[in-house]
Structures are given as structure tokens and as C-alpha cells.
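Enquirer: Next comes protein_24.cif, mmCIF, C-alpha atoms and all ligand atoms:
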data_protein
#
loop_
_atom_site.label_atom_id
_atom_site.label_comp_id
_atom_site.auth_asym_id
_atom_site.auth_seq_id
_atom_site.Cartn_x
_atom_site.Cartn_y
_atom_site.Cartn_z
CA MET E 1 0.00 0.00 0.00
CA ASN E 2 1.64 3.22 -1.13
CA ILE E 3 0.55 6.09 1.04
CA ARG E 4 1.65 9.64 0.24
CA CYS E 5 1.43 12.50 2.69
CA GLY E 6 1.91 16.17 1.79
CA ILE E 7 3.12 18.84 4.24
CA ILE E 8 1.63 22.27 3.54
CA GLY E 9 1.41 25.68 5.21
CA LEU E 10 2.56 29.30 4.93
CA PRO E 11 6.26 29.95 4.23
CA ASN E 12 8.81 29.94 7.06
CA ILE E 13 6.69 28.17 9.68
CA GLY E 14 8.69 24.95 10.15
CA LYS E 15 7.47 22.60 7.38
CA SER E 16 10.97 21.43 6.48
CA THR E 17 11.87 21.24 10.18
CA LEU E 18 9.00 18.76 10.59
CA PHE E 19 10.08 16.91 7.44
CA ASN E 20 13.58 16.46 8.90
CA LEU E 21 12.15 15.28 12.20
CA LEU E 22 9.93 12.68 10.54
CA THR E 23 12.33 11.40 7.90
CA ASN E 24 15.55 11.75 9.86
CA SER E 25 17.04 13.83 7.05
CA GLN E 26 18.72 17.20 6.84
CA VAL E 27 17.06 19.23 4.12
CA LYS E 28 17.67 22.96 4.24
CA THR E 29 15.71 24.95 6.82
CA ASP E 30 16.36 28.64 7.33
CA ASN E 31 14.78 31.83 8.53
CA TYR E 32 13.45 33.20 5.25
CA PRO E 33 10.32 32.48 3.18
CA PHE E 34 10.62 30.07 0.24
CA CYS E 35 13.71 28.39 1.62
CA THR E 36 12.13 25.29 0.05
CA ILE E 37 11.34 25.68 -3.65
CA ASN E 38 11.41 22.19 -5.10
CA PRO E 39 9.59 19.63 -2.97
CA ASN E 40 11.60 17.42 -0.61
CA ILE E 41 10.56 13.79 -0.77
CA GLY E 42 11.39 11.28 1.96
CA ILE E 43 10.25 8.11 3.67
CA VAL E 44 8.76 8.04 7.17
CA ASN E 45 8.99 4.95 9.34
CA LEU E 46 5.67 4.91 11.15
CA TYR E 47 6.85 3.96 14.60
CA ASP E 48 4.42 1.62 16.39
CA PRO E 49 5.17 0.85 20.06
CA ARG E 50 3.53 -2.59 19.76
CA LEU E 51 6.07 -3.77 17.24
CA TYR E 52 8.83 -2.61 19.47
CA LYS E 53 7.43 -4.58 22.42
CA ILE E 54 7.03 -7.79 20.40
CA ALA E 55 10.61 -7.45 19.09
CA ASN E 56 11.83 -7.29 22.64
CA ILE E 57 9.95 -10.41 23.66
CA ILE E 58 10.96 -12.52 20.65
CA ASN E 59 14.46 -11.09 20.79
CA VAL E 60 14.96 -9.79 17.28
CA ASN E 61 16.87 -6.61 16.50
CA ASN E 62 15.49 -5.81 13.11
CA ILE E 63 12.16 -3.97 13.12
CA LEU E 64 10.56 -3.02 9.83
CA PHE E 65 7.87 -0.43 10.48
CA SER E 66 5.15 0.52 8.00
CA ARG E 67 6.31 3.39 5.82
CA ILE E 68 4.76 6.30 3.99
CA GLN E 69 6.16 8.78 1.52
CA LEU E 70 6.33 12.36 2.77
CA ILE E 71 6.41 15.40 0.50
CA ASP E 72 7.56 18.73 1.95
CA THR E 73 6.24 21.52 -0.26
CA ALA E 74 7.17 25.19 -0.70
CA GLY E 75 5.10 27.72 1.29
CA LEU E 76 1.61 28.67 0.09
CA ILE E 77 0.57 32.32 0.21
CA LYS E 78 -2.58 34.34 -0.54
CA ASN E 79 -3.70 33.90 -4.19
CA ALA E 80 -1.60 30.76 -4.60
CA ALA E 81 -4.52 29.13 -6.43
CA ASN E 82 -4.29 31.89 -9.04
CA GLY E 83 -0.62 31.16 -9.58
CA ILE E 84 0.97 33.61 -7.13
CA GLY E 85 4.23 32.35 -5.57
CA LEU E 86 4.71 28.69 -6.35
CA GLY E 87 1.00 28.11 -5.86
CA GLU E 88 -0.07 25.99 -8.80
CA LYS E 89 2.99 23.76 -8.64
CA ILE E 90 2.38 23.00 -4.95
CA LEU E 91 -1.36 22.50 -5.27
CA GLU E 92 -0.86 20.18 -8.24
CA GLN E 93 1.35 17.98 -6.01
CA LEU E 94 -1.45 17.75 -3.46
CA TYR E 95 -3.67 15.91 -5.93
CA LYS E 96 -1.30 12.97 -5.62
CA VAL E 97 -1.35 12.67 -1.81
CA ASN E 98 -3.67 10.60 0.40
CA ILE E 99 -3.45 12.78 3.49
CA ILE E 100 -2.35 16.34 4.27
CA TYR E 101 -0.29 17.56 7.23
CA HIS E 102 -1.21 21.24 7.53
CA VAL E 103 1.50 22.96 9.57
CA VAL E 104 0.40 26.02 11.55
CA ARG E 105 2.78 28.42 13.27
CA ASN E 106 2.08 28.88 16.94
CA PHE E 107 5.49 29.84 18.24
CA LYS E 108 6.13 33.46 19.14
CA LYS E 109 9.81 34.07 18.53
CA ASN E 110 9.88 37.45 16.74
CA SER E 111 13.19 36.89 15.04
CA ILE E 112 11.53 34.26 12.81
CA HIS E 113 9.86 36.24 10.06
CA HIS E 114 6.12 35.72 9.45
CA VAL E 115 5.01 36.52 5.88
CA TYR E 116 2.06 38.57 7.16
CA ASN E 117 3.92 40.01 10.17
CA ARG E 118 1.68 38.63 12.92
CA ILE E 119 1.07 35.44 14.86
CA SER E 120 -2.48 34.22 14.27
CA PRO E 121 -3.07 30.50 13.78
CA THR E 122 -6.74 31.06 12.87
CA GLU E 123 -5.99 33.55 10.10
CA ASP E 124 -3.14 31.38 8.80
CA ILE E 125 -5.41 28.33 8.62
CA ASN E 126 -8.06 30.32 6.79
CA ILE E 127 -5.59 31.65 4.22
CA ILE E 128 -4.34 28.17 3.35
CA ASN E 129 -7.77 26.54 3.37
CA MET E 130 -9.22 29.25 1.14
CA GLU E 131 -6.51 28.54 -1.42
CA LEU E 132 -7.27 24.81 -1.31
CA ILE E 133 -10.98 25.54 -1.78
CA LEU E 134 -10.28 27.96 -4.63
CA TYR E 135 -8.01 25.49 -6.38
CA ASP E 136 -10.65 22.75 -6.22
CA LEU E 137 -13.22 25.27 -7.50
CA ILE E 138 -11.05 26.17 -10.50
CA LYS E 139 -10.56 22.46 -11.27
CA CYS E 140 -14.24 21.66 -10.86
CA GLU E 141 -15.36 24.55 -13.08
CA SER E 142 -12.86 23.48 -15.71
CA LEU E 143 -14.16 19.89 -15.65
CA LEU E 144 -17.74 21.13 -15.95
CA SER E 145 -16.92 23.43 -18.86
CA LYS E 146 -15.52 20.46 -20.80
CA LEU E 147 -18.74 18.44 -20.45
CA LYS E 148 -21.42 18.60 -23.12
CA TYR E 149 -24.93 19.27 -21.85
CA ASN E 150 -26.80 16.13 -22.85
CA ILE E 151 -28.94 13.46 -21.15
CA ALA E 152 -25.99 11.06 -20.64
CA ASN E 153 -24.08 13.69 -18.68
CA LYS E 154 -27.06 14.97 -16.72
CA ASN E 155 -26.11 13.27 -13.44
CA ILE E 156 -22.45 14.22 -13.59
CA ILE E 157 -23.33 17.84 -14.30
CA LYS E 158 -25.65 17.78 -11.29
CA ILE E 159 -22.80 16.47 -9.11
CA TYR E 160 -20.34 19.08 -10.38
CA ASN E 161 -22.87 21.81 -9.62
CA LYS E 162 -23.29 20.45 -6.10
CA LEU E 163 -19.49 20.59 -5.63
CA ILE E 164 -19.22 24.09 -7.08
CA SER E 165 -21.98 25.40 -4.86
CA CYS E 166 -20.21 23.98 -1.77
CA LEU E 167 -16.83 25.45 -2.77
CA ASN E 168 -18.44 28.80 -3.63
CA SER E 169 -19.75 29.01 -0.07
CA ASN E 170 -16.12 28.62 1.13
CA LYS E 171 -16.61 25.10 2.43
CA MET E 172 -14.41 22.09 1.87
CA LEU E 173 -15.88 19.22 -0.18
CA LYS E 174 -15.53 16.85 2.76
CA THR E 175 -18.29 18.75 4.55
CA LEU E 176 -20.77 17.39 1.95
CA ASP E 177 -22.71 14.13 2.21
CA PHE E 178 -22.55 11.97 -0.90
CA SER E 179 -24.74 9.15 -2.22
CA ASP E 180 -22.90 5.97 -3.32
CA GLU E 181 -23.18 7.02 -6.97
CA GLU E 182 -21.79 10.48 -6.20
CA LYS E 183 -18.99 8.97 -4.12
CA ASN E 184 -17.92 6.76 -7.03
CA ILE E 185 -17.62 9.69 -9.39
CA VAL E 186 -16.13 12.21 -6.96
CA SER E 187 -13.52 9.96 -5.31
CA SER E 188 -11.67 9.36 -8.60
CA LEU E 189 -11.17 13.10 -9.13
CA ASN E 190 -8.75 13.55 -6.20
CA PHE E 191 -10.03 16.89 -4.97
CA ILE E 192 -7.74 18.36 -2.32
CA THR E 193 -10.51 19.43 0.06
CA LEU E 194 -11.83 15.86 0.20
CA LYS E 195 -8.60 14.53 1.64
CA PRO E 196 -8.16 13.95 5.37
CA MET E 197 -6.12 16.70 6.99
CA ILE E 198 -4.24 16.90 10.26
CA TYR E 199 -3.45 20.38 11.57
CA ILE E 200 -0.04 20.25 13.21
CA PHE E 201 0.53 23.26 15.46
CA ASN E 202 4.20 24.10 15.78
CA CYS E 203 4.00 25.19 19.41
CA ASP E 204 6.23 26.52 22.13
CA ASN E 205 3.47 25.82 24.63
CA GLU E 206 0.19 23.96 24.72
CA ILE E 207 -2.87 25.98 23.76
CA ASN E 208 -6.54 25.23 23.40
CA THR E 209 -6.44 24.49 19.69
CA GLN E 210 -9.98 23.09 19.63
CA ASN E 211 -11.35 26.64 19.97
CA ILE E 212 -9.25 27.69 17.03
CA LEU E 213 -10.63 24.94 14.84
CA ASN E 214 -14.22 25.65 15.81
CA THR E 215 -13.85 29.23 14.69
CA THR E 216 -12.49 28.11 11.33
CA ASN E 217 -15.46 25.79 10.79
CA TYR E 218 -13.45 22.83 9.54
CA ASN E 219 -13.95 20.75 12.65
CA LYS E 220 -14.02 17.41 10.85
CA ASP E 221 -10.24 17.47 10.82
CA ILE E 222 -7.86 16.63 13.64
CA ILE E 223 -5.33 18.80 15.43
CA ILE E 224 -2.15 17.97 17.26
CA ASN E 225 0.40 20.15 19.07
CA ILE E 226 4.07 19.42 18.49
CA ASN E 227 7.07 21.48 19.49
CA PHE E 228 9.20 20.88 16.41
CA LEU E 229 12.40 22.16 17.97
CA LYS E 230 12.01 20.15 21.18
CA GLU E 231 10.41 16.92 19.96
CA LYS E 232 12.75 13.98 20.12
CA ASN E 233 13.71 12.29 16.90
CA ILE E 234 12.14 8.82 17.00
CA ASN E 235 14.73 7.14 14.81
CA ASN E 236 17.56 8.17 17.12
CA ILE E 237 15.75 6.80 20.17
CA ILE E 238 15.01 3.48 18.45
CA GLU E 239 18.61 3.07 17.33
CA LYS E 240 19.91 3.79 20.83
CA SER E 241 17.41 1.48 22.48
CA MET E 242 18.23 -1.43 20.19
CA LEU E 243 21.86 -1.15 21.23
CA ASP E 244 20.99 -0.80 24.88
CA LYS E 245 18.28 -3.38 25.53
CA VAL E 246 18.73 -3.25 29.29
CA ASN E 247 16.97 0.10 29.35
CA PHE E 248 14.15 -1.03 27.08
CA ARG E 249 11.42 0.12 29.49
CA ILE E 250 12.87 3.61 29.76
CA TYR E 251 13.09 4.00 25.98
CA ASN E 252 9.61 2.63 25.55
CA LYS E 253 8.30 5.22 28.02
CA ILE E 254 10.02 8.05 26.16
CA LEU E 255 8.60 6.84 22.85
CA SER E 256 5.07 6.34 24.12
CA LYS E 257 5.00 10.03 25.11
CA ASN E 258 6.36 11.16 21.76
CA ASN E 259 3.92 13.36 19.85
CA LEU E 260 5.11 12.03 16.51
CA VAL E 261 3.88 8.59 17.59
CA LYS E 262 0.48 10.16 18.31
CA LEU E 263 0.58 11.70 14.85
CA PHE E 264 1.15 8.30 13.24
CA MET E 265 -1.78 6.72 15.11
CA ILE E 266 -4.06 9.55 13.96
CA THR E 267 -2.78 9.12 10.40
CA PHE E 268 -3.69 5.41 10.43
CA ASN E 269 -7.16 6.15 11.81
CA LEU E 270 -7.97 8.88 9.31
CA LEU E 271 -6.89 6.68 6.40
CA ASN E 272 -8.82 3.70 7.79
CA ILE E 273 -5.62 1.69 7.82
CA ILE E 274 -4.74 -1.10 10.22
CA ASN E 275 -1.45 -2.96 10.70
CA PHE E 276 -0.72 -6.64 10.98
CA PHE E 277 2.63 -8.13 11.91
CA THR E 278 4.76 -11.05 10.74
CA PHE E 279 8.01 -12.25 12.23
CA ASN E 280 10.78 -14.81 11.86
CA ASP E 281 13.94 -15.35 13.90
CA LYS E 282 15.65 -12.33 12.34
CA GLU E 283 13.05 -9.61 11.98
CA ILE E 284 9.56 -8.38 12.70
CA LYS E 285 7.63 -6.50 10.06
CA SER E 286 4.51 -4.36 10.02
CA TRP E 287 2.14 -4.33 7.03
CA MET E 288 -0.47 -1.67 6.29
CA ILE E 289 -3.87 -2.76 4.99
CA LYS E 290 -7.33 -1.23 4.72
CA ARG E 291 -9.63 -2.16 7.59
CA GLY E 292 -11.69 -5.22 6.58
CA THR E 293 -8.97 -6.88 4.47
CA THR E 294 -9.14 -10.70 4.37
CA ALA E 295 -6.29 -13.10 5.10
CA LEU E 296 -6.04 -14.08 1.43
CA THR E 297 -5.65 -10.46 0.26
CA ALA E 298 -3.06 -9.88 2.99
CA ALA E 299 -1.17 -12.99 1.81
CA LYS E 300 -0.99 -11.52 -1.70
CA LYS E 301 0.61 -8.40 -0.28
CA ILE E 302 3.44 -10.44 1.24
CA HIS E 303 4.23 -12.82 -1.62
CA SER E 304 2.40 -14.35 -4.59
CA ASP E 305 3.58 -17.85 -3.47
CA ILE E 306 1.77 -17.43 -0.14
CA TYR E 307 -1.33 -16.23 -1.98
CA ASN E 308 -1.31 -19.02 -4.59
CA GLY E 309 -0.58 -21.80 -2.11
CA PHE E 310 -2.67 -20.47 0.78
CA ILE E 311 -3.83 -23.22 3.17
CA LYS E 312 -4.63 -21.43 6.41
CA VAL E 313 -3.48 -18.60 8.64
CA LYS E 314 -2.43 -18.83 12.28
CA VAL E 315 -3.42 -15.72 14.24
CA ILE E 316 -2.78 -14.21 17.64
CA ASN E 317 -3.63 -10.61 18.37
CA TYR E 318 -1.01 -8.36 19.95
CA ASN E 319 -3.07 -7.82 23.12
CA LYS E 320 -3.33 -11.55 23.82
CA PHE E 321 0.31 -12.12 22.91
CA ILE E 322 1.47 -9.47 25.38
CA LEU E 323 -0.83 -10.74 28.12
CA ILE E 324 0.51 -14.27 27.79
CA ASN E 325 4.10 -13.18 27.78
CA ASN E 326 3.64 -10.79 30.66
CA ASN E 327 2.16 -13.61 32.73
CA LYS E 328 4.77 -16.05 31.48
CA PHE E 329 2.07 -18.71 30.83
CA GLN E 330 3.72 -20.07 27.73
CA ARG E 331 7.04 -20.07 26.01
CA LEU E 332 7.41 -18.60 22.55
CA ASN E 333 7.32 -21.92 20.72
CA LYS E 334 3.93 -22.61 22.30
CA ILE E 335 2.14 -19.50 21.13
CA PRO E 336 -1.59 -20.36 21.23
CA TYR E 337 -2.49 -19.32 17.70
CA SER E 338 -6.06 -19.56 16.42
CA ILE E 339 -6.48 -21.07 12.96
CA TYR E 340 -8.53 -19.32 10.26
CA ASN E 341 -9.31 -19.75 6.56
CA LYS E 342 -8.79 -17.27 3.74
CA TYR E 343 -11.94 -15.30 4.58
CA TYR E 344 -10.65 -14.25 8.00
CA SER E 345 -10.98 -10.46 8.35
CA ILE E 346 -7.74 -9.15 9.83
CA ILE E 347 -7.90 -7.09 13.03
CA ASP E 348 -5.46 -4.30 13.88
CA GLY E 349 -2.45 -5.74 15.71
CA ASP E 350 -2.86 -9.33 14.52
CA ILE E 351 0.34 -11.36 14.44
CA LEU E 352 0.04 -13.74 11.48
CA LYS E 353 1.77 -16.94 10.40
CA PHE E 354 0.66 -18.08 6.95
CA VAL E 355 0.62 -21.78 6.14
CA PHE E 356 0.93 -22.45 2.40
CA ARG E 357 1.99 -25.21 0.07
N1 LIG U 401 11.48 29.45 17.55
C1 LIG U 401 11.15 28.47 16.71
N2 LIG U 401 11.68 28.45 15.49
C2 LIG U 401 11.32 27.46 14.65
C3 LIG U 401 10.40 26.44 15.02
N3 LIG U 401 10.24 25.61 13.97
C4 LIG U 401 11.02 26.09 12.98
N4 LIG U 401 11.68 27.21 13.37
C5 LIG U 401 12.62 28.03 12.61
O1 LIG U 401 11.90 28.69 11.59
C6 LIG U 401 12.70 28.83 10.41
C7 LIG U 401 11.94 28.27 9.23
O2 LIG U 401 11.85 26.85 9.35
P1 LIG U 401 11.68 25.92 8.06
O3 LIG U 401 11.52 24.53 8.57
O4 LIG U 401 12.72 26.20 7.05
O5 LIG U 401 10.28 26.48 7.56
P2 LIG U 401 9.47 26.14 6.20
O6 LIG U 401 8.04 26.23 6.56
O7 LIG U 401 9.98 24.89 5.61
O8 LIG U 401 9.89 27.38 5.31
P3 LIG U 401 9.82 27.52 3.69
O9 LIG U 401 10.48 26.35 3.08
O10 LIG U 401 10.57 28.78 3.45
O11 LIG U 401 8.37 27.65 3.35
C8 LIG U 401 14.01 28.09 10.68
O12 LIG U 401 14.98 29.05 11.05
C9 LIG U 401 13.65 27.17 11.85
O13 LIG U 401 14.77 26.87 12.66
C10 LIG U 401 9.86 26.47 16.36
O14 LIG U 401 9.08 25.62 16.77
N5 LIG U 401 10.25 27.52 17.15
MG MG U 402 10.83 24.48 3.78
#
Before anything else, please render the file you have as C-alpha cells.
Ligand SMILES: Nc1nc2c(ncn2[C@@H]2O[C@H](COP(=O)(O)OP(=O)(O)OP(=O)(O)O)[C@@H](O)[C@H]2O)c(=O)[nH]1
Ligand SMILES: [Mg+2]
Expert:
Amino acid sequence: MNIRCGIIGLPNIGKSTLFNLLTNSQVKTDNYPFCTINPNIGIVNLYDPRLYKIANIINVNNILFSRIQLIDTAGLIKNAANGIGLGEKILEQLYKVNIIYHVVRNFKKNSIHHVYNRISPTEDINIINMELILYDLIKCESLLSKLKYNIANKNIIKIYNKLISCLNSNKMLKTLDFSDEEKNIVSSLNFITLKPMIYIFNCDNEINTQNILNTTNYNKDIIININFLKEKNINNIIEKSMLDKVNFRIYNKILSKNNLVKLFMITFNLLNIINFFTFNDKEIKSWMIKRGTTALTAAKKIHSDIYNGFIKVKVINYNKFILINNNKFQRLNKIPYSIYNKYYSIIDGDILKFVFR
């Protein structure tokens, strides 16, 4: 499953700082607008504390987390949708992403220049969201203008008009309710304002961000506060902890409080993604699938041989696995798996062993 996530926001608010934190890279960040011009693209290991705990119990050092692609864009400014700044180029990239991280400045430090010379998360959010709405409107009007008015197109024209009317009233498309037929047509068009969005407040201190979101009227989205300069880099902690297993509990505590971990969990939920795990004596690996995926479809994801020769799947959920090991009821080679056929619907946190010919 290839998931792409786009980071957006005004210029000079910490987008590339977040990109570096999430991808463990060192792209250029500096105190001037449009430091980033061409998008930075990187891979994020979606740290999952459960995987880390299992690895410690089964004593393997190699953990392969689920991964997504992250795209750090240049800053958006007012009138970006009409081509001002790098607007069109950035917005075009957003059509290709599955989820948007909308970075909002909420740190005071005056020496860091704000493009509109004030600190106001609400106004900043509105500026960016208006550009997203406007860009979808331009696209929707263009699609409509290319359609011929005839009976065959009657329904599609009706849908486009519904979208245009929503966007014209400054609302995102995700605020609309769609019938199944409408959903089929609309979902293939990749409108930006239909995509799930997480507002990430770059904070020096905690604030009541819920009030901010209510005033902006986009309360279907999620918000999270992260202090980009203070947040600990997950990759560094994992590397250290793997070398120093004695202090596993301490590292695990640090990681479970990490806001980036919270961000990953929210990302999974918004995308309706769950994770299952497989392991051998060398490594443990996490796999992302849509909620409701069957064992046979999951097998195909791992290897066509497993799919073609599928016999059965042995399953134990993470919660049961941890309980057993905590209570030391069983040893590892006596894991009490349940056996299922190919129609088994995988649950988040399932540890799977496929049996195939
Ligand atoms: N005080 C403070 N400074 C920050 C914080 N986050 C980022 N900065 C600084 O703000 C400046 C801009 O950060 P970048 O990460 O380059 O911002 P950007 O949004 O990618 O900027 P553009 O690429 O120009 O759009 C840098 O000097 C960062 O060190 C923060 O939480 N607090
Ligand atoms: Mg940047």
C-alpha cells in the first residue's frame, strides 16, 4: 500500500523542520520564506510501540515499520490558487497525496519572520484553506466546462454543480454528504478538500487548539500540538534502544510520550488503515492494509507464493500475545495461535503466520 502525505502551510513556519524530524534527514531549513522551492521527498517509518514490544519479547533486533512517503512543499501564500508564488505547482502535487499535514505556526519568537507580520493560527489556517478551496473550485469549473450538456451527462453535471456550490460558499468538499453514486464519481477526481487533513501546530506551549478549529469551521479534521524544535527524533531513540536493551522500558516510556507517535496513530485512523505483523527469527515486520482486508488479500501483499498456495493462517492478536508473555504462561514456541481460513478479516495488531503449500 503506497501512502503519500503532503506537508503544507505558509512559508517559514517549520514545514521542512517537521520533514527532517519525521524522515531523519537534513534538508535545508532557514529563517526566510521560500527556503524550500522544489519539494523534498522522503520516507517516514511509522513507529508503532507494539512492534517494538514484540521485538523485545521474541528477541529480534530488526524492526521493519510501515512506511509512507512524505512530501515537503514550498510555502503557500494568498492567491496561490491563481498562480501567485509557487501556488499551482504546490497544489498540483497535493492531488497525488492521500493525506495532508497542515503545519500552523504557533510559536512566538519574533526573530523568525512571518510573511504577514503577525502570529495568528486562525488567520493562517483560513488563508491556506481558502486557497485549497479555490483550487478545487477552478478544477471543478474546468471539468464542468468540458462536459457537453446532454442526457448522458445529466447526473455528472448535477454532481459538479453540487461541488461548485459547496466550494463557492467557502466550504471544503468533505463537509458534503454523498450518495454511493456520487462517491464513485467524486472519489476518482482527487479533490484536495476531500482529503483527510491533520493540523499540526508548531508550538512553544500547549494551547486550546480546539477553539481555534471551531472558529475556522473545519472541525471534521484533527489537530495535534508538536514542538518541532524540542520533539525527540524517533529514529535516534530506536537506534539507541536497540543497542541498549537493558533500558528497554525507559526508551519505551520516552517513545510512548512522543507526539510524533500520536501523529502516526491519527494518520492510520484517518486513512482507515490497520497494521498486521509477521516475524521470523531475524526480523519483525509491520504491514499496512485497509480495515476489513481478508487473510487471502493480505497474503498476496506479502508474496504471490503465499497467496497461490494459501492453506490457512495462524493468528494471535497483539493484546493476547502481550498478556501471555507478561504472565509467562507459555514459552514462545507454544504461542496459542487460532487457525482461520482465507476469509478471516484481519484485526489491527494481529500477528500472522501463513501456512501455504
Ligand atoms: N522558535 C522556533 N523556530 C522554529 C520552530 N520551527 C522552525 N523554526 C525556525 O523557523 C525557520 C523556518 O523553518 P523551516 O523549517 O525552514 O520552515 P518552512 O516552513 O519549511 O519554510 P519555507 O520552506 O521557506 O516555506 C528556521 O529558522 C527554523 O529553525 C519552532 O518551533 N520555534
Ligand atoms: Mg521548507
Enquirer: Step by step, measure atom-to-atom distances between ligand MG 402 (chain U) and each residue using all atoms listed in the file, keep those at most 9 Å, then write them as a list in words.
Expert: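 Counting all atoms listed in the file, the residues within 9 Å of ligand MG 402 (chain U) come out as Pro11, Asn12, Ile13, Gly14, Lys15, Ser16, Thr17, Phe19, Val27, Lys28, Thr29, Asp30, Pro33, Phe34, Cys35, Thr36, Ile37, Pro39, Asn40, Asp72, Thr73, Ala74 and Gly75 of chain E.
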Enquirer: Could you name the residues that touch E:Ile54 at 12 Å or less, counting all atoms listed in the file, but leaving out those on the same chain fewer than 3 positions away, as number ranges by chain?
Expert: E: 48-51, 57-63, 248, 252, 277-280, 283-286, 317-326, 332, 349-351
Enquirer: Write a file of the just-selected residues containing C-alpha atoms, as a CSV table (one decimal), in the frame of the given file.
Expert:
chain,number,residue,atom,x,y,z
E,48,ASP,CA,4.4,1.6,16.4
E,49,PRO,CA,5.2,0.8,20.1
E,50,ARG,CA,3.5,-2.6,19.8
E,51,LEU,CA,6.1,-3.8,17.2
E,57,ILE,CA,10.0,-10.4,23.7
E,58,ILE,CA,11.0,-12.5,20.6
E,59,ASN,CA,14.5,-11.1,20.8
E,60,VAL,CA,15.0,-9.8,17.3
E,61,ASN,CA,16.9,-6.6,16.5
E,62,ASN,CA,15.5,-5.8,13.1
E,63,ILE,CA,12.2,-4.0,13.1
E,248,PHE,CA,14.2,-1.0,27.1
E,252,ASN,CA,9.6,2.6,25.6
E,277,PHE,CA,2.6,-8.1,11.9
E,278,THR,CA,4.8,-11.0,10.7
E,279,PHE,CA,8.0,-12.2,12.2
E,280,ASN,CA,10.8,-14.8,11.9
E,283,GLU,CA,13.0,-9.6,12.0
E,284,ILE,CA,9.6,-8.4,12.7
E,285,LYS,CA,7.6,-6.5,10.1
E,286,SER,CA,4.5,-4.4,10.0
E,317,ASN,CA,-3.6,-10.6,18.4
E,318,TYR,CA,-1.0,-8.4,20.0
E,319,ASN,CA,-3.1,-7.8,23.1
E,320,LYS,CA,-3.3,-11.6,23.8
E,321,PHE,CA,0.3,-12.1,22.9
E,322,ILE,CA,1.5,-9.5,25.4
E,323,LEU,CA,-0.8,-10.7,28.1
E,324,ILE,CA,0.5,-14.3,27.8
E,325,ASN,CA,4.1,-13.2,27.8
E,326,ASN,CA,3.6,-10.8,30.7
E,332,LEU,CA,7.4,-18.6,22.6
E,349,GLY,CA,-2.4,-5.7,15.7
E,350,ASP,CA,-2.9,-9.3,14.5
E,351,ILE,CA,0.3,-11.4,14.4
Enquirer: Show me, as a PyMOL selection string, the residues that have an atom within 12 Å of E:Ile306 when counting all atoms listed in the file, minus same-chain residues fewer than 3 positions from it.
Expert: chain E and resi 295-303+309-313+342+353-357
Enquirer: Do you have the atom O13 of ligand LIG 401 (chain U)-atom CA of E:Ile7 distance handy?
Expert: 16.5 Å
Enquirer: Which of these residues is nearest to ligand LIG 401 (chain U), using all atoms listed in the file: E:Tyr199, E:Tyr32, E:Phe268, E:Tyr307?
Expert: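 Smallest separation from ligand LIG 401 (chain U) among the options: E:Tyr32.
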Enquirer: Nearest residue to ligand LIG 401 (chain U) out of E:Arg67, E:Lys230, E:Lys195, E:Lys183, using all atoms listed in the file?
Expert: E:Lys230
Enquirer: Report the distance between atom CA of E:Thr175 and atom CA of E:Pro196 in Å, rounded to one decimal place.
Expert: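 Separation of atom CA of E:Thr175 and atom CA of E:Pro196: 11.2 Å.
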Enquirer: In file coordinates, which residues lie within 6 Å of (1.1, 23.4, 2.7) using only C-alpha atoms, given as a ChimeraX atom specification?
Expert: /E:7-9,76,102
Enquirer: Rank E:Val97, E:Asn308, E:Tyr160, E:Val115 by their smallest atom-to-atom distance to ligand LIG 401 (chain U), using only C-alpha atoms and all ligand atoms, and report the top residue only.
Expert: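 Nearest candidate to ligand LIG 401 (chain U) out of E:Val97, E:Asn308, E:Tyr160, E:Val115: E:Val115.
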Enquirer: Would you compute the distance between atom CA of E:Leu134 and atom CA of E:Tyr101? Give it in Å to one decimal.
Expert: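 Between atom CA of E:Leu134 and atom CA of E:Tyr101 the gap works out to 18.7 Å.
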Enquirer: Would you please work out which residue, of E:Ala55, E:Gly83, E:Ile222, E:Asn227, is nearest to ligand LIG 401 (chain U) when using only C-alpha atoms and all ligand atoms?
Expert: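 Closest to ligand LIG 401 (chain U) of all the choices is E:Asn227.
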Enquirer: Around (-2.2, 32.1, -1.9) in the file's own coordinates, what residues are found within 12 Å if you use all atoms listed in the file, given back as a PyMOL selection string?
Expert: chain E and resi 8-11+74-91+115-116+124-135
Enquirer: Take every atom of ligand LIG 401 (chain U) listed in the file, pad by 8 Å on each side, and give me the axis-aligned box centre and edge lengths in Å, one decimal, as AutoDock Vina command-line options.
Expert:
--center_x 11.5 --center_y 27.0 --center_z 10.3 --size_x 22.9 --size_y 20.9 --size_z 30.5
Enquirer: Return the single residue from E:Ile71, E:Ile346, E:Ile266, E:Ile112 that is closest to ligand LIG 401 (chain U), with distances computed using all atoms listed in the file.
Expert: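 Answer, going by the shortest atom-to-atom distance: E:Ile112.
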Enquirer: Neighbours of E:Asp348 within 7 Å (only C-alpha atoms; same-chain residues fewer than 6 positions away dropped), as a ChimeraX atom specification?
Expert: /E:274-276
Enquirer: Between E:Glu239, E:Asp204, E:Asp281, E:Asp221, which has the minimum distance to ligand LIG 401 (chain U) (counting all atoms listed in the file)?
Expert: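 Among E:Glu239, E:Asp204, E:Asp281, E:Asp221, it is E:Asp204 that comes nearest to ligand LIG 401 (chain U).
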Enquirer: Might you pull out every residue within 9 Å of E:Leu271, with only C-alpha atoms counted and same-chain residues fewer than 6 positions away left off, and present them as a list of chain:residue names?
Expert: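 Final neighbour list, sorted by chain and number: E:Asn98, E:Ile99, E:Pro196, E:Lys290.
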